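This report concerns only the one structure given below.
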Amino acid sequence: MPIECTKSPRRPEPAVETPPSDHRVVEVVTSDKSLSGRSRGSFCWHVLHTRARQEKALARTLAAAEIEHYLPLVKRPRFRGQRKRFVDEPLFASYLFLYGPLEATYLAVTTKRVAGVIKVPDQRRFARELEQIRLALEQGAELSPYRYLKVGRRARVSAGPFRGIEGLVEEWLKADRLVLQIDALGRATSLEIDAGLLEAVD
């Protein structure tokens with residue numbers, strides 16, 4: 001049976017433990033390392049659909065308020081001029097997972113960083129899925145947040161020395177590398193590039 005999430009008259013109680021110090025690839029605030037099989041009164045999972053690029057700022061606000069949440073992060077390449085660096089960015093852009101009573105989502109909404117709150121009907125299944133993601137990231141798995149860049153879809157390089165170049169996604173080499181097919185002078189050439197530097201062209 002799914003875990004019921006009912007309205008509680010009290011504000012959420014703060015987490016009693018700090019996040020595990022070995023969580024470097026994910027940002028997580030929970031009172032238990034495991035995310036599955038969790039149930040504490042009216043506490044349950046809520047999906048927060050955030051405004052663009054507001055996930056980490058919202059996570060900091062929730063952490064300051066001691067509201068439990070989970071924000072899986074992955075490293076993506078970013079360029080400043082000719083210099084390349086890696087930054088931690090959300091695995092699921094514009095989504096953050098909050099664990100608590102319904103009132104906890106009200107605080108999140110008041111930050112104006114949230115576009116909407118999505119109900120989770122099957123709490124047990126959702127918790128298991130989050131747990132699998134957490135375990136995979138903890139073990140160093142290269143999870144790809146770029147599945148919207150499907151083979152045959154047109155994409156544009158958004159940063160780096162090739163910024164502005166457009167082409168078709170030709171082939172995936174591994175989790176974060178793909179081949180971009182570029183047409184020029186009636187001929188096609190291919191460019192191997194980091195997926196994190198591409199944006200889909202609608």
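Following the order of the structure tokens, first chain is A, next is B, and so on, with residues numbered from 1 inside each chain and ligands from 1 in the order they appear.
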
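Residues of segment 69-169 of chain A that DSSP places in alpha helix (DSSP H), based on the backbone of this structure, are Leu102, Glu103, Ala104, Thr105, Tyr106, Leu107, Ala108, Val109, Thr110, Gln123, Arg124, Arg125, Phe126, Ala127, Arg128, Glu129, Leu130, Glu131, Gln132, Ile133, Arg134, Leu135, Ala136, Leu137 and Glu138 of chain A.
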
Practice task
Tell me, in Å to one decimal, how far atom CA of Leu107 of chain A is from atom CA of Asp122 of chain A.
Solution key: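 It comes out at 23.4 Å.
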
Exercise for the section: Could you tell me which of A:Leu173, A:Ala195, A:Ala57, A:Val157 comes closest to Lys75 of chain A if we count only C-alpha atoms? Expected result: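 Among the listed residues, the smallest separation from Lys75 of chain A belongs to A:Ala195.
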
Problem - Polymer residues at most 12 Å from Val109 of chain A, only C-alpha atoms, same-chain spacing of 2 or more positions, as a list of chain:residue names - result: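 Surrounding residues, per the criterion: A:Val47, A:Leu48, A:His49, A:Thr50, A:Arg51, A:Leu58, A:Thr61, A:Leu62, A:Leu98, A:Leu102, A:Glu103, A:Ala104, A:Thr105, A:Tyr106, A:Leu107, A:Thr111, A:Lys112, A:Arg113, A:Val114, A:Ala115, A:Gly116, A:Val117.
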
Exercise for the section: Tell me, as number ranges by chain, which residues lie within 8 Å of Leu143 of chain A, counting only C-alpha atoms; anything in the same chain fewer than 5 positions away does not count. Expected result: A: 74, 91, 136-137, 175

For the residues selected in the previous step, produce a file with N, CA and C atoms as a compact mmCIF listing (two decimals), in the first residue's frame.
```
# COMPACT_ATOMS: atom_id res chain seq x y z
N VAL A 74 25.40 15.96 -10.63
CA VAL A 74 26.43 15.34 -11.47
C VAL A 74 27.37 16.44 -11.95
N LEU A 91 21.07 16.49 -11.65
CA LEU A 91 20.86 15.41 -12.61
C LEU A 91 19.55 15.62 -13.36
N ALA A 136 23.61 4.55 -7.16
CA ALA A 136 24.38 4.59 -8.40
C ALA A 136 25.38 5.75 -8.39
N LEU A 137 24.95 6.92 -7.95
CA LEU A 137 25.84 8.07 -7.89
C LEU A 137 26.94 7.86 -6.85
N ALA A 175 28.24 8.06 -21.68
CA ALA A 175 27.21 8.80 -20.96
C ALA A 175 27.21 10.29 -21.27
```
